[in-house]
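Colleague: Here you go, start_26.txt (compact mmCIF, C-alpha atoms and all ligand atoms):
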```txt
# COMPACT_ATOMS: atom_id res chain seq x y z
CA MET A 1 107.52 -142.83 -39.31
CA LYS A 2 104.33 -141.56 -40.95
CA LEU A 3 103.45 -141.54 -44.63
CA ARG A 4 100.23 -140.34 -46.23
CA VAL A 5 99.77 -142.08 -49.55
CA THR A 6 97.12 -141.24 -52.12
CA VAL A 7 96.31 -144.36 -54.10
CA LEU A 8 94.97 -143.92 -57.63
CA PRO A 9 94.10 -147.41 -58.91
CA GLY A 10 92.79 -146.09 -62.25
CA ASP A 11 91.76 -148.32 -65.15
CA GLY A 12 92.14 -151.89 -66.36
CA ILE A 13 94.57 -153.90 -64.26
CA GLY A 14 95.44 -150.79 -62.19
CA PRO A 15 93.17 -151.69 -59.23
CA GLU A 16 94.47 -155.28 -59.07
CA VAL A 17 98.15 -154.38 -59.05
CA THR A 18 97.89 -151.39 -56.71
CA ALA A 19 95.97 -153.54 -54.20
CA GLU A 20 99.04 -155.80 -53.98
CA ALA A 21 101.43 -152.86 -53.72
CA VAL A 22 99.36 -151.47 -50.82
CA ARG A 23 99.34 -154.88 -49.17
CA VAL A 24 103.13 -155.03 -49.32
CA LEU A 25 103.42 -151.50 -47.90
CA GLN A 26 101.04 -152.46 -45.09
CA THR A 27 103.18 -155.48 -44.32
CA VAL A 28 106.29 -153.29 -44.11
CA ALA A 29 104.44 -150.82 -41.87
CA GLY A 30 103.24 -153.66 -39.62
CA ILE A 31 106.73 -155.13 -39.23
CA HIS A 32 108.41 -151.85 -38.31
CA GLY A 33 105.56 -150.12 -36.52
CA TYR A 34 105.28 -147.37 -39.13
CA LYS A 35 102.06 -145.55 -39.83
CA PHE A 36 101.19 -145.54 -43.51
CA ASP A 37 97.78 -144.05 -44.35
CA PHE A 38 96.13 -144.81 -47.66
CA GLU A 39 93.38 -142.81 -49.29
CA GLU A 40 91.95 -143.96 -52.60
CA HIS A 41 90.78 -141.61 -55.37
CA ALA A 42 89.61 -141.82 -58.97
CA ILE A 43 91.69 -141.02 -62.06
CA GLY A 44 91.44 -141.80 -65.77
CA GLY A 45 88.50 -143.61 -67.32
CA VAL A 46 86.85 -144.49 -64.02
CA ALA A 47 86.99 -140.82 -63.04
CA ILE A 48 85.44 -139.76 -66.37
CA ARG A 49 82.58 -142.19 -65.75
CA GLU A 50 82.03 -141.19 -62.14
CA PHE A 51 82.90 -137.47 -62.12
CA GLY A 52 82.99 -136.44 -65.79
CA SER A 53 86.71 -135.58 -65.64
CA PRO A 54 89.89 -137.69 -65.91
CA LEU A 55 91.37 -135.75 -62.98
CA PRO A 56 88.61 -134.59 -60.60
CA ARG A 57 89.44 -131.72 -58.27
CA THR A 58 89.03 -133.94 -55.18
CA THR A 59 91.65 -136.32 -56.57
CA LEU A 60 94.12 -133.55 -57.35
CA ASP A 61 93.63 -131.92 -53.92
CA ALA A 62 94.15 -135.24 -52.16
CA CYS A 63 97.36 -135.87 -54.12
CA LEU A 64 98.73 -132.40 -53.37
CA ALA A 65 97.99 -132.85 -49.68
CA SER A 66 99.75 -136.22 -49.39
CA ASP A 67 103.37 -137.33 -49.08
CA ALA A 68 103.33 -139.62 -52.11
CA VAL A 69 101.03 -140.85 -54.85
CA LEU A 70 100.80 -144.48 -55.98
CA LEU A 71 99.13 -144.90 -59.35
CA GLY A 72 98.03 -148.07 -61.14
CA ALA A 73 97.28 -147.33 -64.80
CA VAL A 74 95.07 -145.13 -66.96
CA GLY A 75 93.50 -145.75 -70.35
CA ALA A 76 90.51 -147.62 -71.74
CA PRO A 77 89.59 -148.47 -75.34
CA GLU A 78 86.13 -146.85 -75.04
CA TYR A 79 87.80 -143.41 -74.93
CA ASP A 80 90.09 -143.97 -77.91
CA ARG A 81 88.07 -141.67 -80.16
CA LEU A 82 88.02 -138.70 -77.78
CA PRO A 83 90.28 -135.66 -78.30
CA ALA A 84 93.59 -135.90 -76.41
CA ASN A 85 92.50 -133.50 -73.65
CA GLN A 86 89.42 -135.56 -72.75
CA ARG A 87 91.05 -138.97 -72.65
CA PRO A 88 91.99 -140.84 -69.45
CA GLU A 89 95.68 -140.19 -70.24
CA ALA A 90 95.03 -136.43 -69.97
CA GLY A 91 94.29 -136.97 -66.27
CA LEU A 92 97.71 -138.50 -65.73
CA LEU A 93 99.49 -135.74 -67.66
CA LEU A 94 97.69 -133.02 -65.68
CA LEU A 95 98.59 -134.80 -62.46
CA ARG A 96 102.25 -135.11 -63.45
CA ARG A 97 102.38 -131.40 -64.15
CA ALA A 98 100.58 -130.45 -60.94
CA LEU A 99 102.87 -132.58 -58.76
CA GLY A 100 105.89 -131.03 -60.44
CA GLY A 101 108.16 -134.08 -60.66
CA TYR A 102 110.32 -133.63 -63.75
CA ALA A 103 112.57 -136.68 -63.51
CA ASN A 104 111.01 -140.07 -64.09
CA LEU A 105 113.29 -142.91 -62.94
CA ARG A 106 112.68 -146.24 -64.66
CA PRO A 107 115.00 -149.09 -63.75
CA ALA A 108 115.23 -152.00 -66.20
CA ILE A 109 116.92 -155.01 -64.63
CA CYS A 110 117.53 -158.48 -65.97
CA TYR A 111 116.50 -160.90 -63.20
CA PRO A 112 118.36 -164.19 -63.80
CA ALA A 113 115.31 -166.22 -62.68
CA ILE A 114 113.20 -164.95 -65.57
CA ALA A 115 115.96 -164.37 -68.13
CA ASP A 116 114.36 -167.06 -70.31
CA CYS A 117 111.20 -164.88 -70.65
CA SER A 118 113.19 -162.43 -72.74
CA PRO A 119 113.55 -163.06 -76.47
CA LEU A 120 117.16 -161.91 -76.00
CA ARG A 121 119.74 -164.66 -75.52
CA SER A 122 120.70 -164.77 -71.85
CA GLU A 123 124.36 -164.06 -72.66
CA VAL A 124 123.16 -160.74 -74.10
CA SER A 125 120.78 -159.72 -71.31
CA HIS A 126 122.50 -161.34 -68.32
CA GLY A 127 123.67 -158.72 -65.83
CA ALA A 128 121.94 -155.82 -67.58
CA ASP A 129 120.91 -153.13 -65.10
CA ILE A 130 119.86 -149.81 -66.60
CA LEU A 131 118.30 -146.75 -65.02
CA PHE A 132 116.36 -144.55 -67.41
CA VAL A 133 116.02 -140.94 -66.35
CA ARG A 134 113.19 -139.64 -68.48
CA GLU A 135 112.37 -135.92 -68.55
CA LEU A 136 108.67 -135.90 -67.71
CA LEU A 137 107.24 -132.39 -67.97
CA GLY A 138 108.48 -131.09 -71.30
CA GLY A 139 108.89 -131.93 -74.96
CA LEU A 140 106.06 -132.88 -77.25
CA TYR A 141 103.82 -133.99 -74.39
CA PHE A 142 103.35 -130.45 -73.09
CA GLY A 143 104.66 -128.09 -75.78
CA GLU A 144 102.35 -125.31 -77.00
CA PRO A 145 100.94 -124.60 -79.50
CA ARG A 146 99.32 -127.90 -80.26
CA GLY A 147 96.16 -129.00 -82.01
CA PHE A 148 94.42 -129.16 -85.34
CA THR A 149 93.90 -126.43 -87.92
CA GLY A 150 92.13 -126.39 -91.27
CA THR A 151 88.88 -127.97 -92.23
CA ASN A 152 87.80 -131.46 -93.12
CA GLY A 153 89.88 -132.86 -95.91
CA SER A 154 92.72 -130.41 -95.42
CA THR A 155 93.25 -130.78 -91.68
CA VAL A 156 96.73 -130.18 -90.30
CA ALA A 157 97.80 -131.39 -86.85
CA HIS A 158 100.73 -129.96 -84.94
CA ASN A 159 102.65 -130.40 -81.70
CA THR A 160 105.55 -128.40 -80.35
CA MET A 161 108.86 -129.82 -79.19
CA GLN A 162 110.40 -127.32 -76.83
CA TYR A 163 113.06 -127.40 -74.09
CA SER A 164 114.63 -124.64 -72.06
CA VAL A 165 118.16 -124.77 -70.67
CA GLU A 166 116.76 -124.90 -67.16
CA GLU A 167 114.48 -127.85 -67.91
CA ILE A 168 117.44 -129.78 -69.30
CA GLU A 169 119.80 -128.84 -66.47
CA ARG A 170 117.56 -129.98 -63.66
CA VAL A 171 116.88 -133.44 -65.09
CA ALA A 172 120.53 -133.85 -66.10
CA ARG A 173 121.59 -133.27 -62.50
CA VAL A 174 119.26 -136.05 -61.35
CA ALA A 175 120.89 -138.40 -63.86
CA PHE A 176 124.44 -137.53 -62.79
CA GLU A 177 123.60 -137.83 -59.09
CA ALA A 178 122.01 -141.23 -59.73
CA ALA A 179 125.03 -142.38 -61.73
CA ARG A 180 127.31 -141.56 -58.78
CA LYS A 181 125.44 -144.12 -56.71
CA ARG A 182 125.74 -146.72 -59.49
CA ARG A 183 128.47 -147.35 -62.06
CA SER A 184 129.20 -143.66 -62.76
CA LYS A 185 128.20 -143.64 -66.41
CA VAL A 186 125.57 -141.47 -68.14
CA THR A 187 124.44 -141.96 -71.73
CA SER A 188 122.53 -138.92 -72.95
CA VAL A 189 120.15 -139.72 -75.80
CA ASP A 190 118.99 -137.17 -78.37
CA LYS A 191 118.52 -136.51 -82.07
CA ALA A 192 121.03 -133.67 -82.30
CA ASN A 193 121.74 -134.43 -85.97
CA VAL A 194 118.23 -133.16 -86.80
CA LEU A 195 116.54 -131.32 -83.92
CA GLU A 196 117.42 -127.94 -82.36
CA THR A 197 115.93 -129.06 -79.04
CA SER A 198 118.41 -131.93 -79.10
CA GLN A 199 121.33 -129.62 -79.89
CA LEU A 200 120.48 -127.57 -76.83
CA TRP A 201 120.02 -130.80 -74.89
CA ARG A 202 123.48 -132.07 -75.83
CA GLN A 203 125.23 -128.74 -75.12
CA THR A 204 123.53 -128.37 -71.76
CA VAL A 205 124.16 -131.94 -70.62
CA THR A 206 127.81 -131.61 -71.65
CA ARG A 207 128.14 -128.46 -69.53
CA ILE A 208 126.43 -130.03 -66.50
CA ALA A 209 128.81 -133.00 -66.81
CA GLU A 210 131.74 -130.69 -66.01
CA SER A 211 130.49 -130.56 -62.41
CA TYR A 212 130.64 -134.37 -62.28
CA PRO A 213 134.21 -135.22 -63.35
CA ASP A 214 133.86 -138.62 -61.67
CA VAL A 215 131.00 -139.58 -64.02
CA THR A 216 131.63 -140.61 -67.64
CA LEU A 217 129.27 -139.02 -70.15
CA ASN A 218 128.62 -140.19 -73.67
CA HIS A 219 125.99 -139.18 -76.22
CA LEU A 220 123.94 -141.37 -78.53
CA TYR A 221 121.37 -140.60 -81.18
CA VAL A 222 118.04 -142.11 -80.26
CA ASP A 223 117.91 -144.43 -83.28
CA ALA A 224 121.31 -145.88 -82.49
CA CYS A 225 120.39 -146.13 -78.81
CA ALA A 226 117.29 -148.15 -79.68
CA MET A 227 119.53 -150.67 -81.40
CA HIS A 228 122.33 -150.80 -78.81
CA LEU A 229 119.82 -151.31 -75.99
CA ILE A 230 118.85 -154.62 -77.52
CA THR A 231 122.21 -155.73 -78.92
CA SER A 232 124.35 -154.72 -75.90
CA PRO A 233 122.19 -153.75 -72.93
CA ARG A 234 125.09 -154.23 -70.52
CA LEU A 235 126.86 -151.21 -72.01
CA PHE A 236 124.37 -148.92 -70.29
CA ASP A 237 124.24 -147.60 -66.75
CA VAL A 238 122.12 -144.41 -66.60
CA VAL A 239 120.26 -143.35 -69.75
CA LEU A 240 119.19 -139.69 -69.72
CA THR A 241 116.67 -138.56 -72.28
CA GLU A 242 113.71 -136.32 -73.11
CA ASN A 243 110.07 -137.19 -72.57
CA LEU A 244 108.98 -138.99 -75.75
CA PHE A 245 112.30 -140.76 -76.38
CA GLY A 246 112.18 -141.96 -72.77
CA ASP A 247 108.63 -143.23 -73.17
CA ILE A 248 109.61 -145.30 -76.19
CA LEU A 249 113.01 -146.55 -75.00
CA SER A 250 111.74 -147.62 -71.59
CA ASP A 251 109.11 -149.89 -73.16
CA GLU A 252 111.82 -151.29 -75.38
CA ALA A 253 113.97 -151.94 -72.32
CA ALA A 254 111.20 -154.07 -70.86
CA VAL A 255 112.36 -156.71 -73.33
CA ILE A 256 115.61 -157.00 -71.36
CA THR A 257 113.64 -157.74 -68.19
CA GLY A 258 111.32 -160.23 -69.86
CA SER A 259 108.03 -158.45 -69.24
CA LEU A 260 106.65 -154.93 -69.12
CA GLY A 261 104.84 -156.10 -65.97
CA MET A 262 108.14 -156.06 -64.06
CA LEU A 263 108.99 -152.38 -64.60
CA ALA A 264 108.57 -149.75 -61.90
CA SER A 265 108.93 -145.99 -61.91
CA ALA A 266 109.41 -143.06 -59.57
CA THR A 267 108.90 -139.43 -60.49
CA VAL A 268 111.01 -137.09 -58.39
CA GLY A 269 111.93 -133.43 -58.21
CA GLY A 270 108.45 -132.13 -57.41
CA GLU A 271 106.54 -131.37 -54.24
CA VAL A 272 104.98 -134.84 -54.09
CA GLY A 273 106.53 -138.02 -55.51
CA LEU A 274 104.54 -140.06 -58.02
CA TYR A 275 105.06 -143.82 -58.28
CA GLU A 276 103.62 -145.89 -61.09
CA PRO A 277 104.41 -149.12 -62.90
CA VAL A 278 105.52 -148.57 -66.49
CA HIS A 279 102.89 -150.93 -67.94
CA GLY A 280 99.51 -149.67 -69.07
CA SER A 281 95.95 -150.63 -68.18
CA ALA A 282 96.03 -153.89 -70.22
CA PRO A 283 92.23 -154.02 -70.71
CA ASP A 284 92.46 -157.48 -72.32
CA ILE A 285 93.44 -159.12 -69.02
CA ALA A 286 91.75 -156.73 -66.57
CA GLY A 287 89.68 -158.26 -63.77
CA LYS A 288 91.00 -161.78 -64.34
CA GLY A 289 93.49 -161.84 -61.49
CA VAL A 290 96.37 -162.70 -63.81
CA ALA A 291 98.22 -159.37 -64.05
CA ASN A 292 101.79 -159.15 -62.80
CA PRO A 293 101.89 -156.94 -59.67
CA CYS A 294 105.72 -156.81 -59.52
CA GLY A 295 105.98 -153.47 -61.35
CA ALA A 296 103.50 -151.87 -58.94
CA VAL A 297 105.13 -153.47 -55.89
CA ALA A 298 108.57 -152.34 -57.06
CA SER A 299 107.12 -148.84 -57.53
CA ALA A 300 106.01 -148.96 -53.89
CA ALA A 301 109.60 -149.84 -52.97
CA MET A 302 110.79 -146.79 -54.89
CA MET A 303 108.25 -144.75 -52.93
CA LEU A 304 109.83 -145.82 -49.65
CA ARG A 305 113.27 -144.95 -51.01
CA HIS A 306 112.48 -141.54 -52.50
CA SER A 307 109.53 -140.19 -50.49
CA ALA A 308 110.24 -141.73 -47.07
CA ASN A 309 114.01 -142.17 -47.07
CA LEU A 310 113.51 -145.84 -46.09
CA GLU A 311 116.32 -147.38 -48.16
CA HIS A 312 116.51 -150.65 -46.20
CA GLU A 313 112.78 -151.23 -46.42
CA ALA A 314 112.85 -150.47 -50.16
CA ARG A 315 115.61 -153.02 -50.64
CA ASP A 316 113.73 -155.61 -48.59
CA ILE A 317 110.81 -155.35 -51.01
CA GLU A 318 113.08 -155.54 -54.05
CA LEU A 319 114.84 -158.60 -52.61
CA ALA A 320 111.47 -160.19 -51.83
CA ILE A 321 110.40 -159.84 -55.47
CA GLN A 322 113.63 -161.52 -56.50
CA ASN A 323 113.17 -164.33 -53.94
CA VAL A 324 109.65 -165.06 -55.15
CA LEU A 325 110.89 -165.24 -58.74
CA ASP A 326 113.83 -167.43 -57.67
CA ALA A 327 111.34 -169.77 -55.98
CA GLY A 328 109.66 -170.23 -59.36
CA TYR A 329 106.39 -168.32 -58.88
CA ARG A 330 105.14 -166.80 -62.12
CA THR A 331 102.25 -164.68 -63.30
CA ALA A 332 101.08 -165.41 -66.86
CA ASP A 333 103.31 -162.81 -68.55
CA ILE A 334 106.47 -164.48 -67.20
CA ALA A 335 105.07 -168.05 -67.14
CA SER A 336 107.71 -170.07 -69.04
CA GLY A 337 107.73 -173.25 -66.97
CA GLY A 338 107.33 -171.81 -63.45
CA LYS A 339 104.49 -172.26 -60.95
CA PRO A 340 101.39 -170.46 -62.27
CA THR A 341 100.53 -167.74 -59.76
CA SER A 342 97.66 -165.24 -59.58
CA THR A 343 98.05 -161.51 -58.98
CA SER A 344 96.98 -161.75 -55.34
CA ASP A 345 99.05 -164.88 -54.60
CA MET A 346 102.10 -163.10 -56.01
CA GLY A 347 101.39 -160.14 -53.67
CA GLU A 348 100.93 -162.48 -50.72
CA LEU A 349 104.17 -164.34 -51.49
CA ILE A 350 106.09 -161.06 -51.67
CA CYS A 351 104.64 -160.07 -48.26
CA GLU A 352 105.72 -163.41 -46.77
CA SER A 353 109.19 -163.00 -48.21
CA VAL A 354 109.53 -159.45 -46.84
CA THR A 355 108.59 -160.76 -43.38
CA GLU A 356 111.16 -163.56 -43.67
CA ILE A 357 113.91 -161.22 -44.83
CA VAL A 358 113.37 -158.88 -41.87
CA ASP A 359 113.10 -161.81 -39.40
CA MET A 360 116.39 -163.17 -40.68
CA ARG A 361 118.08 -159.82 -40.32
CA TYR A 362 116.92 -159.50 -36.70
CA ALA A 363 117.98 -163.09 -35.96
CA TYR A 364 121.39 -162.35 -37.43
CA HIS A 365 121.82 -159.22 -35.28
CA ALA A 366 120.68 -161.13 -32.18
CA VAL A 367 123.58 -163.61 -32.30
C1 LIG A 401 103.96 -144.10 -69.60
C2 LIG A 401 102.66 -144.07 -70.36
C3 LIG A 401 102.12 -142.65 -70.37
C4 LIG A 401 103.14 -141.79 -71.08
C5 LIG A 401 100.72 -142.49 -70.98
C6 LIG A 401 99.72 -143.38 -70.30
C7 LIG A 401 100.27 -141.07 -70.96
O1 LIG A 401 102.82 -144.60 -71.63
O2 LIG A 401 103.97 -143.70 -68.43
O3 LIG A 401 104.97 -144.53 -70.16
O4 LIG A 401 103.14 -141.72 -72.32
O5 LIG A 401 103.94 -141.14 -70.40
MN MN A 402 104.82 -145.45 -71.99
```
Represent the structure of the file as structure tokens.
Modeller:
Amino acid sequence: MKLRVTVLPGDGIGPEVTAEAVRVLQTVAGIHGYKFDFEEHAIGGVAIREFGSPLPRTTLDACLASDAVLLGAVGAPEYDRLPANQRPEAGLLLLRRALGGYANLRPAICYPAIADCSPLRSEVSHGADILFVRELLGGLYFGEPRGFTGTNGSTVAHNTMQYSVEEIERVARVAFEAARKRRSKVTSVDKANVLETSQLWRQTVTRIAESYPDVTLNHLYVDACAMHLITSPRLFDVVLTENLFGDILSDEAAVITGSLGMLASATVGGEVGLYEPVHGSAPDIAGKGVANPCGAVASAAMMLRHSANLEHEARDIELAIQNVLDAGYRTADIASGGKPTSTSDMGELICESVTEIVDMRYAYHAV
């Protein structure tokens, strides 16, 4: 088993959390005798500083030539005043488009061990397990025309929300396929009472659903969805939605988990898979060794599942995260009474747990 991974640590806490994700992947490779190669490149603010571009050519070429890309975070306050196309975030958007992955999978799971970190009562969040399937290459993020017109004082800004049938179909299929492996329920989220793009979205998803008679489809307006996610998160299995709605709702869903630091993502459907935690660069805590690496480590697990077809190994990592939480280890964002743990100690503990899990499985098979 060989896997060439391009690692893009990026800005803020990105380098700290990706270092732990790489360490966990190296542990898995060591245990099973796999060969995982890692090559690091610059993206975002660090790339602007070093190469004058948020996505240097060398970075893009390395990503395109690899089997999977693991990204930390992009974004830094010093670039807040720059036009959208010169900001660190532009590097990530260009990369997403170049890699071609159109379906961004974002699981939001309530781990019992940290249920008390959520402001939701545990009887509300307990057992919640949602998979967001966010369309990642369309909508307002990429629609043309976009920009500013007019002069000072009478400036007008505009963006374009646009979806084709084909763009909706392909991401809908990913959602229905995923639902088949879960609880066979898809909630499609739109704003079809106002937006034409959403009317096309709803029609198209409804038609695709006919090929999946074993999966239940329902539709929700995005405003109602935002409320139901918090009042009854257990109602949801797979949530399928367009780019901007998915961006917003997946951050909201972090509340179910207890911390944005826990959330992982995988972007599939393209030539090369892209794996990134949902959290941002968190400049306020960068470099302090206190960031939660679980989202990045869980993204590495998703990488093994989707880019290497290593389902067992992915599950081992996910179970290890759970074990470490069950044992009471806590980074600052999920502190509430547990054992205070640094970013690197958390990574180390997850590695130890992965090793134990595999040892136990071999011991079990030996008897
Ligand atoms: C995310 C982030 C990105 C997005 C930013 C950094 C461009 O918020 O992955 O959710 O909006 O997609
Ligand atoms: Mn976001």
Colleague: Contacts of Glu252 of chain A at 10 Å or less, counting only C-alpha atoms, minus same-chain residues fewer than 2 places along, as a ChimeraX atom specification?
Modeller: /A:108,226-227,229-230,246-250,254-257,260
Colleague: Could you check how far atom CA of Asp333 of chain A sits from atom CA of Arg121 of chain A, in Å to one decimal?
Modeller: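 These atoms are spaced 17.9 Å apart.
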Colleague: Name the residues within 10 Å of (101.3, -153.1, -48.2), counting all atoms listed in the file in the file's coordinates, and put them as a list in words.
Modeller: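 So the residues meeting the distance criterion are Thr18, Ala19, Glu20, Ala21, Val22, Arg23, Val24, Leu25, Gln26, Thr27, Val28, Ala29, Gly30, Phe36, Phe38, Val297, Ala300, Gly347, Glu348, Ile350 and Cys351 of chain A.
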Colleague: Ligand MN 402 (chain A): which residues are within 12 Å, counting only C-alpha atoms and all ligand atoms, as a ChimeraX atom specification?
Modeller: /A:73-75,89,92-93,104,106,134,136,141,243-254,260,263-265,276-281
Colleague: For Leu105 of chain A, work out the shell of residues within 7 Å, counting all atoms listed in the file and skipping chain neighbours fewer than 3 positions away, then give it as a ChimeraX atom specification.
Modeller: /A:131-134,265-267
Colleague: Provide the atom CA of Asp345 of chain A to atom CA of Leu319 of chain A distance in Å, to one decimal place.
Modeller: 17.1 Å
Colleague: Measuring atom to atom with only C-alpha atoms, identify which of A:Phe51, A:Tyr34, A:Tyr364, A:Phe176 is nearest to Val205 of chain A.
Modeller: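 Under the stated criterion, the closest residue is A:Phe176.
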Colleague: Suppose you want the space between atom CA of Ala301 of chain A and atom CA of Ala68 of chain A; what is it in Å?
Modeller: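 So the answer is 12.0 Å.
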